[in-house]
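**Q** One structure, pasted below without further comment.
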Amino acid sequence: MPSKVKGKLINFDWRQYIVYIAFVLVLIYFSITLAEQGFMTTHNLLNIARQTAMISIMGVAMTFVISSKEIDLSVGSVAALSAITTALTMQAGLGMISGVLVGLGTGLAIGFVNGYLVTRVAIPSFLVTLAMMMIARGLAMWVSGTAPIPILSDSYIFLFGSGSVLGVPILLIWTLIIAAIGHIILRKFTFGRETLATGGNEMAATYSGIKTNRIKMTVFMASGMMAGLAGMLYAGRLQAGRFTFGEGDELSVIAAVILGGTSLFGGVGTVIGTVIGSIMIGTINNALILQGLDVSQQMVVQGIIIILAVAFGRKKKKA
Amino acid sequence: MGNTILRMKEIEKGFNGNTVLDKVNFNVKAGEVHALMGGNGAGKSTLMKILTGVYQLDNGTIEIEDSKVNLENTRDAQQAGVSMIFQEFSLIPKLTVAQNIFLHREPRTSLGMIDDKKMVKDSQRIIDDMGLSISPKDLVENLSVGYWQMTEIAKALSINTKILIMDEPTSTLTKTETEVLFSLIHQLKQSGITIIYISHRMDEIFQVCDRITVLRNGTNVITTPCSEITMEELIDHIIGGNMVKSFEWVERPKKEDRKPLLEVKNLQSGSRVKNVSFSLHGGEILGLAGLMGSGRSETVRAIFGVDPVSGGEVNVRGERDSFSSPKEAIQKGVGLVPEDRRSQGLVLGHSVRENMILSSLDKLSKNKVLQNQQANKKVEELVKKLNVKTDSTQKTVSLLSGGNQQKVVLAKWLLNETEILLLDEPTSGVDIGAKIEIIEIIRELADAGKAVLVVSSEMTELLAMSDRVLIMKDGEVTSSIERKDIKGEEDVERAIQGEG
C-alpha cells in the first residue's frame with residue numbers, strides 16, 4: 001500500500017537532521033566541482049576548521065542562551081573587548097595566565113551584567129544585549145585608543161592561535177573541547193534539562209521547582225565567557241588585540257545556532273547541530289572564495305542559505 | 001421543538017484504515033439543544049468536523065431541512081447554515097467587536113471603502129438581540145473571556161446560522177459568565193436556532209440540554225431526552241462499563257490521631273487570601289470548595305511558594321516554614337498540580353518523559369548528572385501505573401489528550417514521592433473516563449498515606465473524594481464539614497452561598 005510507505009516517510013522526521021543532510025550534500029557537491037582548486041585537501045579543510053573556530057565556540061554557549069528563549073547580541077563586541085583586555089594585561093607584563101584570566105573575566109562580567117538586567121530588572125534580552133553590543137565595542141575602542149595592541153608571548157600565540165598538536169590545529173582542539181563540554185552539559189546534566197524547560201515553558205518550569213532566573217543568569221555568563229575565549233583566540237591568531245574583532249559575529253553565531261536546529265522559540269537545542277551549522281557556513285564561504293567570488297557575493301549566498309535552512313527545518317504544521 | 005432539521009445517516013469515516021466513525025446516525029430537531037457526548041476518541045469531533053466541512057465523509061448522507069447537502073469545505077457548511085464556536089477562539093484581539101464580527105466580509109460603501117457605520121449598526125442590532133451590554137466599538141482584547149465567546153456567537157449569528165455547534169463552551173468561563181451563556185442559549189433556542197452542545201461537564205448537560213446523544217468507539221450508543229436518563233446511566237453509556245461507583249463516596253478509615261502533615265494558620269497573600277487556616281493529615285483527602293474568586297487557587301499557590309505570603313504561617317510536619325519559591329516547597333515534600341496544566345503544568349513541546357522527570361531532576365541525578373536508566377525506569381512504571389495512553393515515553397506531550405496530559409502532571413509528583421499534594425482543579429477539561437481514573441488515583445494516594453488537598457468546582461467530584469470539606473468565602477475559610485455530615489450537594493452549595 002502506498003499509504004503505508006508514505007506513513008513511514010512522514011514518521012522519519014528528516015527536518016530534525018536537515019543540517020547534517022545539507023552539510024553532507026554541500027561537501028559532496030564542492031568536492032566534485034572544486035576538486036581542481038584543492039577543496040578536499042587536508043590543508044584546506046583544516047583551514048576551514050581554523051576559520052570557524054570562534055563562531056563555533058560562541059555558538060555552543062549561544063545554543064544554551066537561545067534554548068532558554070533568550071538572545072545575546074553582545075558576543076561579537078565582547079570578543080573584541082576581551083581580546084583588548086588580554087593583550088593590555090600581557091603588555092603590562094603581568095604574564096600569560098593573568099592575561100587569560102582577565103580575558104575570561106571580562107566576558108564573565110559582561111555576561112553577569114546582561115543576566116542581571118534580564119532577570120532582575122526584567123528588560124528583554126534583545127534590548128539589553130543590543131545596548132551591551134555598543135557598550136562593549138565602545139569600551140574596546142576606548143581602552144585601546146583604536147590602536148592594535150601586539151601580543152609577543154610565543155606560548156600564548158601557540159595555545160590560542162597558530163599552534164598545532166600532532167598536526168591538529170589548536171583552534172580545532174579548542175572547538176572540539178568546548179563542543180564536547182557543551183554537548184554533555186546539555187544532554188547529560190540536569191542543567192541542560194532545566195535550560196530547555198525554562199525555554200519551553202518558563203512558568204511550568206518554575207512550578208516544577210526550577211529557579212529559572214538562575215538558569216538565565218548562568219547561560220548569559222557562559223555566553224559572555226565563551227565570547228571572551230573567542231576574542232582571545234582572535235588575538236592569538238593575529239598576534240594582537242584589536243577593537244575590530246568579531247564585528248558582525250553575533251549574526252553569524254545566531255545563524256549557526258538556528259541552522260543547527262535549535263529553536264528560536266526556546267525549548268529545543270542541539271550543540272552538535274550548532275557546530276555543524278557553523279562549519280557548514282564556513283565551508284560554503286571557503287568554497288565561494290575558491291570559486292573566485294568576493295565577500296559581497298558570499299554574504300548574499302549566506303543569507304539565502306539561512307532562509308532555505310530555516311524554511312526547510314520548520315516544524316510541520318498540525319493538520 | 002419541531003421537525004428534524006439535521007439528519008446524518010450511516011456516516012462512515014476512517015483515517016489510514018482505522019475506522020473512526022462506523023455508520024453513525026445522528027438526528028437533531030429544530031430548535032433543540034442537543035448534547036453530544038463521549039470520551040476521547042469516541043468520534044465526536046470527527047463527526048462535527050464532517051458537519052462543518054473540515055473533513056469529508058467516506059460514506060453516508062447529510063440532510064439539512066430535508067434536502068441532501070454536500071459539504072466539501074467550511075464555506076459550504078456555512079452556506080447550509082452550520083457554524084461552530086471553537087474552543088480556541090478565532091478572534092483578533094486588536095480589532096473591535098464589530099470588526100471581528102464582519103471580518104473578511106465587511107460591508108462596503110459605494111466607493112468601495114469599508115462602511116464602518118453600517119458595520120457598527122448591524123453589529124449593534126445583533127448584540128441587542130442577544131441581550132448583551134457590550135459596545136460594537138469595544139476592542140476585543142479589553143473584554144473578559146466570557147464576552148470573547150459572546151462575540152464569536154454574534155459572528156456566527158451574523159451569517160444566518162441555523163445550527164450552532166459549541167465545543168466545550170464553558171471551559172474558560174467563570175460561573176457568572178457561564179450563567180450569562182446559558183441564558184443566551186435559552187434565548188437562541190426561543191428564536192429557533194438549533195444548538196449542538198459538546199461538553200464533559202455533566203451538570204451543565206442536564207441544565208441546558210433537551211436531548212443527548214452518546215458516541216462510543218465511533219457508534220451512536222444512545223439518543224434520548226435528558227429527562228429520561230440519570231447521570232449514572234449516562235456515565236455508564238459513555239464509558240461502557242460499570243465504573244459508576246467511582247462517583248459514590250466511601251467512608252475511609254480516619255487517621256486523625258497523627259500529627260498533621262500540613263498546618264496553615266491565618267495565611268494571607270495578595271488581595272484574595274485574607275485569613276486561611278486549616279490542617280491536613282496524612283491519608284486524608286481534604287476538599288476545598290468555594291465560588292470562583294473566593295481565593296482557593298491563590299491559597300494553594302501561596303502555600304506552594306509561587307505567590308508571596310504576606311502573613312500567617314505554613315507548618316510542614318510541625319516545623320514552621322514559609323516557602324519563597326516552589327523549589328523550597330518541593331524540597332519539603334509539597335507538590336502542586338496547578339489550575340492550568342497547559343501553561344503551568346507542562347512544557348507542551350517536550351516529551352512525556354521529560355515532563356515527568358522535571359520536578360525530580362535532583363533526585364534522579366548524581367553530581368548533577370542525570371541518571372537516564374533510573375529515570376526511564378521510573379517513567380515507564382508510572383506510565384503503566386497511571387494508564388497514560390501514549391505510544392512511547394518520547395511522545396510530545398501536547399499530542400496527548402487532556403486526561404492523559406493531566407496524568408503526566410500527577411506523575412511528576414508521584415515520581416518525586418511527594419507527601420503533601422495540592423491539587424487545583426485536577427479533572428478540569430478531561431473526559432469522563434479519565435476523570436474516573438484520576439479520582440481513583442487520588443484515592444489510592446491517600447490510602448498510601450499521602451496528604452491531599454483538592455480544589456474543585458465540580459461538586460460531584462469533590463464530594464466523591466473528600467473526607468472533609470472546607471468552605472472558602474471571600475479569602476477566608478468559613479467552615480469545615482465532615483463528609484459524613486453532608487447529605488448532598490445542596491448542603492455544600494448552601495454553605496458556599498450562605499451568609500455564615
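Ordering of the C-alpha cells sets the chain letters (A, B, ...), residue numbers begin anew at 1 in every chain, and ligands are numbered from 1 in the order given.
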Using only C-alpha atoms, I'd like every residue of chain A that has an atom within 6 Å of chain B; please write them out as a list in words.

**A**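 Therefore, the residues near the partner are Lys188, Phe189, Thr190, Gly200, Asn201, Met203, Ala204, Ser208 and Gly209 of chain A.
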
**Q** Could you list, as a list in words, every residue within 8 Å of B:Ile303, counting only C-alpha atoms and ignoring same-chain residues fewer than 4 positions away?

**A**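 Result of the neighbour search: Thr299, Val309, Val314, Ser322 and Phe323 of chain B.
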
**Q** Using the selection just defined, write its residues with N, CA, C and O atoms as a CSV table (one decimal), in the first residue's frame.

**A**
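The result, stored in selection.csv:
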```
chain,number,residue,atom,x,y,z
B,299,THR,N,-4.8,30.5,47.4
B,299,THR,CA,-4.3,29.8,48.6
B,299,THR,C,-3.3,28.7,48.4
B,299,THR,O,-2.2,28.7,49.0
B,309,VAL,N,3.8,35.2,50.4
B,309,VAL,CA,3.0,35.1,51.6
B,309,VAL,C,3.2,36.4,52.4
B,309,VAL,O,4.3,36.8,52.6
B,314,VAL,N,2.9,28.7,57.5
B,314,VAL,CA,2.7,27.4,56.9
B,314,VAL,C,3.6,26.4,57.6
B,314,VAL,O,4.8,26.6,57.6
B,322,SER,N,7.8,28.7,55.5
B,322,SER,CA,7.0,29.5,54.6
B,322,SER,C,7.9,29.6,53.4
B,322,SER,O,9.0,30.0,53.4
B,323,PHE,N,7.3,29.1,52.3
B,323,PHE,CA,8.2,28.9,51.1
B,323,PHE,C,8.2,30.2,50.2
B,323,PHE,O,7.2,30.8,49.9
```

**Q** Please provide the set of residues having any atom within 7 Å of stretch 16-24 of chain A, restricted to only C-alpha atoms, with same-chain residues fewer than 5 positions apart removed, written as a PyMOL selection string.

**A** chain A and resi 259-261+273+277+280+313

**Q** Please save N, CA, C and O atoms of the selected residues as a PDB file, in the first residue's frame.

**A**
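Final output, again.pdb:
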```pdb
ATOM      1  N   LEU A 259      20.536  27.379  12.240  1.00  0.00           N
ATOM      2  CA  LEU A 259      20.792  26.420  11.166  1.00  0.00           C
ATOM      3  C   LEU A 259      20.955  25.017  11.735  1.00  0.00           C
ATOM      4  O   LEU A 259      20.500  24.033  11.164  1.00  0.00           O
ATOM      5  N   GLY A 260      21.589  24.926  12.888  1.00  0.00           N
ATOM      6  CA  GLY A 260      21.849  23.630  13.511  1.00  0.00           C
ATOM      7  C   GLY A 260      20.614  22.934  14.031  1.00  0.00           C
ATOM      8  O   GLY A 260      20.649  21.756  14.351  1.00  0.00           O
ATOM      9  N   GLY A 261      19.521  23.650  14.169  1.00  0.00           N
ATOM     10  CA  GLY A 261      18.293  23.001  14.614  1.00  0.00           C
ATOM     11  C   GLY A 261      17.777  23.464  15.965  1.00  0.00           C
ATOM     12  O   GLY A 261      16.788  22.953  16.464  1.00  0.00           O
ATOM     13  N   GLY A 273      24.553  20.194  16.431  1.00  0.00           N
ATOM     14  CA  GLY A 273      23.948  20.864  15.278  1.00  0.00           C
ATOM     15  C   GLY A 273      24.551  22.242  15.066  1.00  0.00           C
ATOM     16  O   GLY A 273      24.864  22.638  13.944  1.00  0.00           O
ATOM     17  N   GLY A 277      26.428  23.528  11.892  1.00  0.00           N
ATOM     18  CA  GLY A 277      25.907  24.722  11.224  1.00  0.00           C
ATOM     19  C   GLY A 277      27.013  25.735  10.982  1.00  0.00           C
ATOM     20  O   GLY A 277      27.138  26.310   9.897  1.00  0.00           O
ATOM     21  N   MET A 280      29.417  24.454   8.390  1.00  0.00           N
ATOM     22  CA  MET A 280      28.820  24.481   7.055  1.00  0.00           C
ATOM     23  C   MET A 280      28.891  25.880   6.460  1.00  0.00           C
ATOM     24  O   MET A 280      29.249  26.039   5.289  1.00  0.00           O
ATOM     25  N   GLY A 313      13.654  23.509   7.685  1.00  0.00           N
ATOM     26  CA  GLY A 313      13.753  22.927   9.017  1.00  0.00           C
ATOM     27  C   GLY A 313      12.548  23.212   9.888  1.00  0.00           C
ATOM     28  O   GLY A 313      12.431  22.712  10.981  1.00  0.00           O
TER      29      GLY A 313
END
```

**Q** Go through stretch 119-291 of chain A and collect every residue that DSSP, computed from the backbone, puts in alpha helix (DSSP H); the answer should be as a PyMOL selection string.

**A** chain A and resi 119+125-144+154-157+170-188+190-200+202-207+212-238+249-260+271-290

**Q** Write out as a PyMOL selection string all residues of stretch 282-345 of chain B that backbone DSSP assigns to strand (DSSP E or B).

**A** chain B and resi 285-290+311-316+319-321+334-337

**Q** Can you pull out the residues contacting stretch 72-85 of chain A? Cut-off 6 Å, using only C-alpha atoms, and skip same-chain residues under 5 positions away; I want them as a list in words.

**A**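 What passes the distance filter is Gly103, Thr106, Thr129, Leu130, Met132, Met133, Ala136, Arg137, Ala140, Ala227, Gly228, Ala230, Gly231, Met232, Ala235, Gly241, Phe243, Phe245, Gly246, Glu247, Asp249 and Glu250 of chain A.
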
**Q** Find the residues around stretch 462-471 of chain B up to 6 Å (only C-alpha atoms counted), leave out those fewer than 6 positions away in its own chain, and share them as a ChimeraX atom specification.

**A** /B:247-249,285-290,477-483

**Q** Would you export the selected residues with N, CA and C atoms as a PDB file, in the first residue's frame, please?

**A**
```
ATOM      1  N   PHE B 247     -18.107   7.574  41.479  1.00  0.00           N
ATOM      2  CA  PHE B 247     -18.641   8.861  41.909  1.00  0.00           C
ATOM      3  C   PHE B 247     -19.389   8.761  43.234  1.00  0.00           C
ATOM      4  N   GLU B 248     -19.409   7.532  43.803  1.00  0.00           N
ATOM      5  CA  GLU B 248     -20.035   7.399  45.120  1.00  0.00           C
ATOM      6  C   GLU B 248     -18.968   7.522  46.179  1.00  0.00           C
ATOM      7  N   TRP B 249     -19.332   8.169  47.260  1.00  0.00           N
ATOM      8  CA  TRP B 249     -18.354   8.352  48.312  1.00  0.00           C
ATOM      9  C   TRP B 249     -18.317   7.134  49.208  1.00  0.00           C
ATOM     10  N   ILE B 285      -8.071  13.164  52.451  1.00  0.00           N
ATOM     11  CA  ILE B 285      -8.383  13.983  51.282  1.00  0.00           C
ATOM     12  C   ILE B 285      -9.275  15.124  51.749  1.00  0.00           C
ATOM     13  N   LEU B 286      -8.748  16.323  51.630  1.00  0.00           N
ATOM     14  CA  LEU B 286      -9.468  17.492  52.102  1.00  0.00           C
ATOM     15  C   LEU B 286      -9.948  18.283  50.894  1.00  0.00           C
ATOM     16  N   GLY B 287     -11.247  18.484  50.817  1.00  0.00           N
ATOM     17  CA  GLY B 287     -11.794  19.240  49.694  1.00  0.00           C
ATOM     18  C   GLY B 287     -11.853  20.716  50.027  1.00  0.00           C
ATOM     19  N   LEU B 288     -11.583  21.540  49.041  1.00  0.00           N
ATOM     20  CA  LEU B 288     -11.671  22.987  49.257  1.00  0.00           C
ATOM     21  C   LEU B 288     -12.710  23.530  48.285  1.00  0.00           C
ATOM     22  N   ALA B 289     -13.873  23.922  48.830  1.00  0.00           N
ATOM     23  CA  ALA B 289     -14.964  24.382  47.976  1.00  0.00           C
ATOM     24  C   ALA B 289     -15.142  25.875  48.126  1.00  0.00           C
ATOM     25  N   GLY B 290     -15.658  26.493  47.095  1.00  0.00           N
ATOM     26  CA  GLY B 290     -15.900  27.923  47.162  1.00  0.00           C
ATOM     27  C   GLY B 290     -16.229  28.448  45.788  1.00  0.00           C
ATOM     28  N   VAL B 477     -11.441  30.790  55.202  1.00  0.00           N
ATOM     29  CA  VAL B 477     -12.108  29.509  55.383  1.00  0.00           C
ATOM     30  C   VAL B 477     -13.201  29.727  56.413  1.00  0.00           C
ATOM     31  N   THR B 478     -14.451  29.556  55.993  1.00  0.00           N
ATOM     32  CA  THR B 478     -15.548  29.885  56.905  1.00  0.00           C
ATOM     33  C   THR B 478     -16.040  28.668  57.680  1.00  0.00           C
ATOM     34  N   SER B 479     -15.898  27.484  57.121  1.00  0.00           N
ATOM     35  CA  SER B 479     -16.280  26.315  57.904  1.00  0.00           C
ATOM     36  C   SER B 479     -15.617  25.054  57.368  1.00  0.00           C
ATOM     37  N   SER B 480     -15.632  24.042  58.193  1.00  0.00           N
ATOM     38  CA  SER B 480     -15.065  22.756  57.838  1.00  0.00           C
ATOM     39  C   SER B 480     -16.124  21.708  58.166  1.00  0.00           C
ATOM     40  N   ILE B 481     -16.524  20.941  57.165  1.00  0.00           N
ATOM     41  CA  ILE B 481     -17.616  19.989  57.371  1.00  0.00           C
ATOM     42  C   ILE B 481     -17.110  18.570  57.116  1.00  0.00           C
ATOM     43  N   GLU B 482     -17.401  17.665  58.054  1.00  0.00           N
ATOM     44  CA  GLU B 482     -17.059  16.265  57.833  1.00  0.00           C
ATOM     45  C   GLU B 482     -17.923  15.735  56.703  1.00  0.00           C
ATOM     46  N   ARG B 483     -17.339  14.900  55.860  1.00  0.00           N
ATOM     47  CA  ARG B 483     -18.079  14.406  54.699  1.00  0.00           C
ATOM     48  C   ARG B 483     -19.347  13.656  55.116  1.00  0.00           C
TER      49      ARG B 483
END
```

**Q** Under the rule that only C-alpha atoms are counted, which of B:Lys49, B:Lys29, B:Arg125, B:Lys23 is the nearest residue to B:Arg7?

**A**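 Between B:Lys49, B:Lys29, B:Arg125, B:Lys23, the residue approaching B:Arg7 most closely is B:Lys29.
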
**Q** Which neighbours of B:Gly295 fall inside 7 Å, counting only C-alpha atoms, when residues of the same chain fewer than 5 positions from it are skipped, and could you give them as a ChimeraX atom specification?

**A** /B:272-273,474-475

**Q** Restricted to C-alpha atoms, what would the selected residues look like written as a short mmCIF file (atom, residue, chain, number, x, y, z; two decimals), in the first residue's frame?

**A**
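To be explicit, this is the file written out as result_5.cif:
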```
data_model
loop_
_atom_site.label_atom_id
_atom_site.label_comp_id
_atom_site.auth_asym_id
_atom_site.auth_seq_id
_atom_site.Cartn_x
_atom_site.Cartn_y
_atom_site.Cartn_z
CA ARG B 272 -7.52 37.33 47.54
CA VAL B 273 -6.22 35.33 50.51
CA ASP B 474 -14.01 35.85 50.18
CA GLY B 475 -10.48 34.90 51.17
#
```

**Q** Near B:Ser45, within 10 Å and counting only C-alpha atoms, which residues show up once chain neighbours fewer than 6 positions away are dropped, as a VMD selection string?

**A** chain B and resid 36 38 51 167 198

**Q** Can I get the selected residues back with N, CA and C atoms, as a short mmCIF file (atom, residue, chain, number, x, y, z; two decimals), in the first residue's frame?

**A**
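Result file again23.cif:
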```
data_model
loop_
_atom_site.label_atom_id
_atom_site.label_comp_id
_atom_site.auth_asym_id
_atom_site.auth_seq_id
_atom_site.Cartn_x
_atom_site.Cartn_y
_atom_site.Cartn_z
N LEU B 36 -23.89 16.40 22.68
CA LEU B 36 -23.15 15.32 22.04
C LEU B 36 -22.03 14.94 22.99
N GLY B 38 -19.25 11.83 24.82
CA GLY B 38 -18.42 10.67 24.54
C GLY B 38 -17.01 10.94 25.02
N LEU B 51 -19.53 17.71 9.74
CA LEU B 51 -20.69 18.58 9.61
C LEU B 51 -20.29 20.02 9.26
N ASP B 167 -18.32 23.80 21.24
CA ASP B 167 -17.39 22.79 21.72
C ASP B 167 -16.83 23.23 23.07
N ILE B 198 -21.32 20.33 22.94
CA ILE B 198 -20.35 19.31 23.31
C ILE B 198 -19.74 19.69 24.64
#
```

**Q** May I ask for the distance between atom CA of B:Ser401 and atom CA of B:Asp236, given in Å to one decimal place?

**A**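 Computing it gives 20.7 Å between the two atoms.
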
**Q** If I take atom CA of B:Gln99 and atom CA of B:Pro136, how far is one from the other in Å, to one decimal?

**A**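 Atom-to-atom, atom CA of B:Gln99 and atom CA of B:Pro136 are spaced 8.1 Å apart.
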
**Q** If you measure from atom CA of A:Leu171 to atom CA of A:Thr33, what distance in Å do you get, rounded to one decimal?

**A**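 It comes out at 27.7 Å.
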